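Please read the structure below before turning to the comments.
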Amino acid sequence: MSETEARLNAGPDLGTEGAAIADLPEGGLLAGHFQGDPVVLVRKSEGIFALGGKCTHYGGPLGEGLFDGEVVRCPWHHACFRPETGQAECAPAIDPVPIYTVEQRDGRVFVRGAKKAPPHRAAHSSAPDSVVIVGGGAAGFAAAETLRREGYAGGVTIVSADEAAPYDRPNLSKDYLAGTAQSEWIPLRSPEWYRDTGVQLSLGKRVTAVLPGERRIRLEGGGSLGYGALLLATGASPVRLDCPGANLPHVHTLRSMRDCDSIIAGASRAKKAVVVGASFIGLEVAASLITRGLAVHVVAPDAVPMERVLGPDLGAFVRTLHEQHGVVFHLRHTLAGIGEGSVTLEDGSTIEADLVVLGVGVRPNLELAEGAGLRLDHGVLVDEFLGTSAEGVWAAGDIARWPDRFSGERIRVEHWVVAERQGQTAARNILGGREPFTAAPFFWSQHYDVAINYVGHASSWDEVAVTGSIPDRDCLVAYRKGGKTLAVASIYRDVPSLKAQVAMERGDRRALEAILDA
Ligand SMILES: Cc1cc2nc3c(=O)[nH]c(=O)nc-3n(C[C@H](O)[C@H](O)[C@H](O)COP(=O)(O)OP(=O)(O)OC[C@H]3O[C@@H](n4cnc5c(N)ncnc54)[C@H](O)[C@@H]3O)c2cc1C
Ligand code: FES
């Protein structure tokens, strides 16, 4: 049994032994198992609920997560499940977990068997007759899935410049690139799902213009498509360096499945790789190439990797972690040029490389929004419901700059879970909902066996406070400005990270500080 399986099957057999009701306080969570499957019990004022204990995203143990009084939150990447229905209410999980009947007897609670989720009924009196989604990434897919999950029966079309159907992009720098994930895990849905739900996929098709006045988009190569509502979810594109040799065939950027496959093909022939940029993606690529057996050098102008986001101490830890796995850093250096078998730095020194990956950041794809005359400010400006300045046009994901309630600022982030959750919220609002987007930003980054989770958003800070120990991989790191905590990074402190996110979403600063002080 793997460590994760053992953790999933921890706790009592809820079918035979049951659990003492007294051990399950209001708002509490208790993990056990039923007929070999992990089950979680939670107590809400209306009663006790039992739901599957294995997250449908990557199989995280929900019993080690948090019940916030409304939903059960996964410790790994913060998906939320509703105990009454098992529905994956917020990404990154999409599929529901099973739910079970419970029996209370003699002060104990027992799980008795699986039960059907109640049907989801939603009224869509003001829904448009069709929805067109530009972009088949995180936000675009999540929106299409939500429209159907909400029972919307009108036309749903995803038009995507990518030739592949929506897939798990974060995996492209992690297990898929390392060769430890199978390719079947990567698509978010099977071809049958699109057929059965009637979500039309128009792949390998670039949208060239949005005409909000006509409620129509123009497609590359001619042709156009009308819409009742439009969601713009065009994501971002990697920055390419403007230096000699940047366009050589062994020089790559990483955004799409195609990019990843061509890095994998290059890695199979290469022995020495240079990764340019000590960004999250750059360093995840470095880790994956090390797993593939390549020698990896990282060149970056920073003094400490990811210092701007994680601060000096956590950044130094990330550097040491990579060095322990064999990565060689060339920090405070920039690239002067790339040749066939080596790269040259600004000081004239060279590093041998038969594979080069550029991880020097991304730019949001704003051309369509700009051409359509939408209000922009370093992103597409959206209101709290994710509506743009044009009637019937919504925006979500890496391109959207929204009014974030907790920070009180308009922010734009490049996180998978944020993009998916915005796609979900935008879909419900397209159907006539008035649901503000209130999720506190969350991202994770994986470096070998260390996952760094981060909630909130701190574009700058004047204090970094560490609780616990970074070298011992057991810490919370708070980023503060003017005494206020803006964001919290964590290593192996999943429940405090979840609690911090809940506190941010509730605007409860006192609760947030208490979590950090505990
Ligand atoms: C390798 C990699 C690893 C990552 N790892 C993480 C991680 O661990 N954690 C995390 O939080 N985030 C991670 N991210 C970031 C995350 O993937 C993005 O924030 C997220 O995908 C943004 O979603 P989106 O829907 O806005 O855009 P995308 O997912 O990029 O989708 C945009 C879509 O729009 C299409 N498109 C663009 N222009 C047009 C056009 N004119 N016409 C038609 N289609 C168009 C594109 O082809 C694409 O399908 C990672 C990103 C990459 C590249
Ligand atoms: S495993 Fe649960 S959110 Fe990823």
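Within each chain, counting starts at residue 1; across the structure tokens, chains are named A, B, ... in the order shown, with ligands numbered 1 upward in that order.
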
Next item on the list: From a DSSP pass on the backbone, collect the residues of region 120-356 of chain A flagged as strand (DSSP E) and hand them back as JSON, numbers by chain.
Entry: {"A": [130, 131, 132, 133, 134, 155, 156, 157, 158, 159, 160, 199, 200, 201, 202, 203, 207, 208, 209, 210, 211, 216, 217, 218, 219, 224, 225, 226, 229, 230, 231, 232, 236, 237, 238, 251, 252, 253, 272, 273, 274, 275, 276, 295, 296, 297, 298, 299, 300, 328, 329, 330, 331, 335, 336, 337, 338, 342, 343, 344, 345, 350, 351, 352, 355, 356]}

Check: Contacts of Val132 (chain A) at 9 Å or less, counting only C-alpha atoms, minus same-chain residues fewer than 5 places along, as a list in words?
Finding: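 The contact residues come out as Gly155, Val156, Thr157, Ile158, Val159, Ile217, Leu225, Gly226, Tyr227, Gly228, Ala229, Leu230, Leu231 and Leu232 of chain A.
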
Next item on the list: Name the residues of region 391-490 of chain A that come out as helix (DSSP H, G or I) in a backbone DSSP run; write them as number ranges by chain.
Entry: A: 397-399, 416-430

Next item on the list: May I have the residues within 9 Å of region 468-470 of chain A as a VMD selection string, using only C-alpha atoms and disregarding those fewer than 3 positions away in the same chain?
Entry: chain A and resid 313 to 314 317 473 to 477 490 to 491

Closest-contact table, chain A side, partner ligand 2, 6 Å, counting only C-alpha atoms and all ligand atoms, as CSV:
residue,atom,partner,partner_atom_place_in_ligand_line,distance
A:Cys55,CA,ligand 2,2 (Fe),4.6
A:His57,CA,ligand 2,4 (Fe),4.6
A:Tyr58,CA,ligand 2,1 (S),3.8
A:Gly59,CA,ligand 2,1 (S),4.8
A:Gly60,CA,ligand 2,1 (S),3.9
A:Cys74,CA,ligand 2,2 (Fe),4.7
A:Trp76,CA,ligand 2,4 (Fe),5.1
A:His77,CA,ligand 2,3 (S),3.7
A:His78,CA,ligand 2,3 (S),4.9
A:Ala79,CA,ligand 2,3 (S),4.2
A:Pro92,CA,ligand 2,3 (S),5.4
A:Ala93,CA,ligand 2,3 (S),5.7

Notebook entry, point to check: Near Gly18 (chain A), within 9 Å and counting only C-alpha atoms, which residues show up once chain neighbours fewer than 6 positions away are dropped, as a ChimeraX atom specification?
Noted result: /A:12,32,108-111

Next item on the list: Could I get the residue neighbourhood of ligand 1 at 6 Å, counting only C-alpha atoms and all ligand atoms, as a count of residues only?
Entry: 36

Notebook entry, point to check: Contacts of His297 (chain A) at 7 Å or less, counting only C-alpha atoms, minus same-chain residues fewer than 5 places along, as a list in words?
Noted result: Ala273, Val274, Val275, Val327, Val328 and Phe329 of chain A

Notebook entry, point to check: Quick one: distance from CA of Glu420 (chain A) to CA of Ala142 (chain A) in Å, one decimal?
Noted result: 5.3 Å
